[in-house]
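Trainee: Before anything else, here's the structure in question.
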Amino acid sequence: MPRALPSALSVRSELRKGSWVAGAKRPRPNYLGQGMPTFRMFNSVMGQLPVQRQRYFTVRYAGQNGRIERRDVKAATEADAVAQLNVNRTSVRSVTRNYYQELNALLPDAAPPLSTQARILAVFTAQVEAGSNPSATFDQLLQSYPEFAHRATDVAKTPRVSEKLAALNFDPQLLLLAEVGEETGLIAQALGDATEKMIARQQLLSELKWQLAPSAGLTFVGVATLLALPPFMVDPIDEIVSVKEIRFASNFATDILMAIGRIYSMPSAWILTAALLAGAVVLRRQLWPYLNRLPMLSSIEAFFQISAAYRFITAFAPLFERGVGQSRILALLKRYARKKELTAYSQMEDHLAVGGSLATAFESDYWHPILRDSMRGFDPMTKESKLILLSRVQPLMAHTVKSQGNLVASTLSALGTSLSVGITLLVFFGMTLPMTTVTVGIGGG
């Protein structure tokens, strides 16, 4: 049974009387809550949402220094919102419903930037290592970040730090390390080591982003130019050619330009193009094994391979260092894997279940040769030797990821440049150059 409304109404009446409000006979009215005509229907709908048992309120109160402070709180009633702040009720200036936060809560939360995750964990691990309680420390630290204000109440209800990280959509690798750290009682050490590596990975991803973004943009411009420009050339050239007095010396480039333009001018051409694109998206998994053999696309396939290998090694190494068994590591990685990675981990797990070695589990085309070669002979090694191997492989893979990203960027740049230059030359030789040699006859022929 939902909570009856009189309690909320009585709280509001108390606020209006001024029993909770110091220095004012009546707080600033909450127009949304009082049913202003513009929001009346919206207010009734938001109040009846079955999944929104908890509501969001904005509480304005006088702080210790006398300045008015503002906090967003998730609670069932206005009274609960004030109670959660642990402030003197006489210092409360107003309590208003925050409909924006309620709407925002209905949307899926995006993962916070890796830089933000690393910054939070750097402070968290330092305080926990100094003797602070992990759960309480994380909740208190989260209050310093306004972007997490609408989730702070829910996060505080979960006792485990790994659950808090999951609620905030932190990186899956951090969730795995947090779980292992909670089991061993060394969560600060487990997450502290990961913070430094996360910063390095963030730098690598940022560099790749700035390398690939301009190249992808250039490719888009080239494709857009090829699709959009020829149709606009057809009508002007037709008008010139249709005048008998004008002698327009067309050439092979003009014929190509006109052919492309006429094809794109046909409605059926766009329907066919849309159908081909839709078919390519639906059948991408079946087509990619054949397309990735092409010279320009093979570099993209190699980039995918080394990226998957880098993700595996950066997740496997810290878990293995903490004493987690190989089979359990694969089971943990499967929980956050998707599509091809999930299939690859499942195959490796099955391989280990029948007595296979970890080294032979990488004998698949999905994994990059660097990872396959590095893991050969892994099983007979001592744990110290394995950790040394993993520590040396990670920077090698990071360098390969960066190099392969540069190659992909070069490939996209070459493709975009070729398309842009190609269509530009086609327009120049097919229309601009003939226009300079146009002659006008007298009297027609």
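Ordered as shown in the structure tokens, chains take letters A, B, and onward, while each chain numbers its residues from 1 and ligands are numbered from 1 in the order shown.
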Would you list, as an mmCIF file with C-alpha atoms, in the first residue's frame, the residues of region 59-217 of chain A that end up in helix (DSSP H, G or I) under DSSP run on this structure's backbone?
Mentor:
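Wrote part_6.cif, looks like this:
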data_model
loop_
_atom_site.group_PDB
_atom_site.id
_atom_site.type_symbol
_atom_site.label_atom_id
_atom_site.label_comp_id
_atom_site.auth_asym_id
_atom_site.auth_seq_id
_atom_site.Cartn_x
_atom_site.Cartn_y
_atom_site.Cartn_z
ATOM 1 C CA GLU A 78 9.580 16.616 2.802
ATOM 2 C CA ALA A 79 10.001 15.721 6.472
ATOM 3 C CA ASP A 80 12.210 12.759 5.567
ATOM 4 C CA ALA A 81 14.297 14.994 3.313
ATOM 5 C CA VAL A 82 14.958 17.412 6.164
ATOM 6 C CA ALA A 83 15.678 14.562 8.580
ATOM 7 C CA GLN A 84 18.307 13.058 6.259
ATOM 8 C CA LEU A 85 20.374 16.255 6.329
ATOM 9 C CA TYR A 99 11.110 17.316 -10.752
ATOM 10 C CA TYR A 100 14.195 17.610 -12.915
ATOM 11 C CA GLN A 101 16.050 15.069 -10.789
ATOM 12 C CA GLU A 102 13.030 12.750 -10.865
ATOM 13 C CA LEU A 103 12.943 12.826 -14.647
ATOM 14 C CA ASN A 104 16.703 12.406 -14.780
ATOM 15 C CA ALA A 105 16.431 9.347 -12.527
ATOM 16 C CA LEU A 106 14.192 7.653 -15.091
ATOM 17 C CA LEU A 114 37.683 7.541 -16.188
ATOM 18 C CA SER A 115 39.420 10.668 -14.914
ATOM 19 C CA THR A 116 36.578 11.235 -12.423
ATOM 20 C CA GLN A 117 36.667 7.592 -11.327
ATOM 21 C CA ALA A 118 40.423 7.756 -10.803
ATOM 22 C CA ARG A 119 40.148 11.009 -8.817
ATOM 23 C CA ILE A 120 37.505 9.560 -6.480
ATOM 24 C CA LEU A 121 39.424 6.338 -5.910
ATOM 25 C CA ALA A 122 42.709 8.139 -5.297
ATOM 26 C CA VAL A 123 41.194 10.014 -2.331
ATOM 27 C CA PHE A 124 39.155 6.992 -1.201
ATOM 28 C CA THR A 125 42.084 4.577 -1.050
ATOM 29 C CA ALA A 126 44.258 7.100 0.796
ATOM 30 C CA GLN A 127 41.622 7.622 3.496
ATOM 31 C CA VAL A 128 40.906 3.894 3.872
ATOM 32 C CA GLU A 129 44.601 3.118 4.202
ATOM 33 C CA PRO A 134 35.445 2.006 3.474
ATOM 34 C CA SER A 135 31.654 2.270 3.115
ATOM 35 C CA ALA A 136 31.231 5.450 5.170
ATOM 36 C CA THR A 137 34.270 7.034 3.548
ATOM 37 C CA PHE A 138 32.915 6.453 0.058
ATOM 38 C CA ASP A 139 29.482 7.868 0.964
ATOM 39 C CA GLN A 140 31.010 10.986 2.481
ATOM 40 C CA LEU A 141 33.364 11.444 -0.474
ATOM 41 C CA LEU A 142 30.512 11.146 -2.953
ATOM 42 C CA PRO A 146 27.358 17.306 -7.610
ATOM 43 C CA GLU A 147 27.014 15.010 -10.627
ATOM 44 C CA PHE A 148 26.281 12.115 -8.255
ATOM 45 C CA ALA A 149 23.860 14.009 -6.004
ATOM 46 C CA HIS A 150 20.767 12.267 -7.385
ATOM 47 C CA ARG A 151 22.296 8.838 -6.681
ATOM 48 C CA ALA A 152 23.912 9.528 -3.312
ATOM 49 C CA THR A 153 20.925 8.342 -1.272
ATOM 50 C CA ASP A 154 20.624 5.040 -3.130
ATOM 51 C CA VAL A 155 24.367 4.466 -3.009
ATOM 52 C CA ALA A 156 24.453 5.047 0.754
ATOM 53 C CA LYS A 157 21.957 2.211 1.265
ATOM 54 C CA VAL A 161 31.860 -0.605 -1.949
ATOM 55 C CA SER A 162 31.676 -2.888 -4.991
ATOM 56 C CA GLU A 163 27.891 -2.426 -5.032
ATOM 57 C CA LYS A 164 28.324 1.338 -4.760
ATOM 58 C CA LEU A 165 30.701 1.341 -7.743
ATOM 59 C CA ALA A 166 28.247 -0.769 -9.736
ATOM 60 C CA ALA A 167 25.388 1.618 -8.928
ATOM 61 C CA PRO A 172 33.992 -3.146 -14.751
ATOM 62 C CA GLN A 173 37.652 -3.772 -13.913
ATOM 63 C CA LEU A 174 37.258 -1.678 -10.759
ATOM 64 C CA LEU A 175 34.169 -3.646 -9.765
ATOM 65 C CA LEU A 176 36.099 -6.902 -10.035
ATOM 66 C CA LEU A 177 38.998 -5.547 -7.992
ATOM 67 C CA ALA A 178 36.621 -4.161 -5.376
ATOM 68 C CA GLU A 179 34.963 -7.560 -4.965
ATOM 69 C CA VAL A 180 38.317 -9.272 -4.556
ATOM 70 C CA GLY A 181 39.495 -6.548 -2.161
ATOM 71 C CA GLU A 182 36.403 -6.972 -0.004
ATOM 72 C CA GLU A 183 36.963 -10.721 0.211
ATOM 73 C CA THR A 184 40.612 -10.338 1.197
ATOM 74 C CA ILE A 187 40.232 -3.128 -0.837
ATOM 75 C CA ALA A 188 42.390 -0.016 -0.511
ATOM 76 C CA GLN A 189 45.451 -1.782 -1.891
ATOM 77 C CA ALA A 190 43.511 -3.457 -4.700
ATOM 78 C CA LEU A 191 41.868 -0.230 -5.880
ATOM 79 C CA GLY A 192 44.939 1.899 -5.172
ATOM 80 C CA ASP A 193 47.074 -0.051 -7.634
ATOM 81 C CA ALA A 194 44.299 0.128 -10.198
ATOM 82 C CA THR A 195 44.043 3.908 -9.940
ATOM 83 C CA GLU A 196 47.535 4.485 -11.324
ATOM 84 C CA LYS A 197 46.945 2.061 -14.179
ATOM 85 C CA MET A 198 43.582 3.659 -14.914
ATOM 86 C CA ILE A 199 45.212 7.065 -15.268
ATOM 87 C CA ALA A 200 47.693 5.582 -17.757
ATOM 88 C CA ARG A 201 44.854 3.931 -19.674
ATOM 89 C CA GLN A 202 42.918 7.205 -19.667
ATOM 90 C CA GLN A 203 45.895 8.976 -21.221
ATOM 91 C CA LEU A 204 46.141 6.297 -23.886
ATOM 92 C CA LEU A 205 42.422 6.499 -24.695
ATOM 93 C CA SER A 206 42.574 10.300 -24.861
ATOM 94 C CA GLU A 207 45.457 10.171 -27.311
ATOM 95 C CA LEU A 208 43.626 7.653 -29.492
ATOM 96 C CA LYS A 209 40.484 9.782 -29.382
ATOM 97 C CA TRP A 210 42.304 12.866 -30.641
ATOM 98 C CA GLN A 211 44.009 10.803 -33.343
ATOM 99 C CA LEU A 212 40.922 9.027 -34.645
ATOM 100 C CA ALA A 213 38.361 11.845 -34.388
ATOM 101 C CA PRO A 214 39.851 14.121 -37.104
ATOM 102 C CA SER A 215 40.439 11.155 -39.411
ATOM 103 C CA ALA A 216 36.890 9.902 -38.974
ATOM 104 C CA GLY A 217 35.606 13.438 -39.582
#
Trainee: I'd like the neighbourhood of Ser327 (chain A) as a PyMOL selection string, where a residue qualifies if any of its atoms comes within 7 Å (using only C-alpha atoms), though same-chain residues fewer than 3 positions away should be ignored.
Mentor: chain A and resi 330-331+349
Trainee: Name the residues in contact with Pro369 (chain A) at a cut-off of 12 Å, using only C-alpha atoms, excluding same-chain residues fewer than 4 positions from it; report them as a list in words.
Mentor: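 Skipping anything fewer than 4 positions along the chain leaves Ala302, Phe303, Gln305, Ile306, Ala308, Ala309, Tyr310, Phe362, Glu363, Ser364, Asp365, Asp373, Ser374, Met375, Arg376, Met397 and Thr400 of chain A.
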Trainee: Take CA of Gly63 (chain A) and CA of Gln143 (chain A) and report the distance between them in Å, one decimal.
Mentor: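 That distance, rounded to one decimal, is 15.7 Å.
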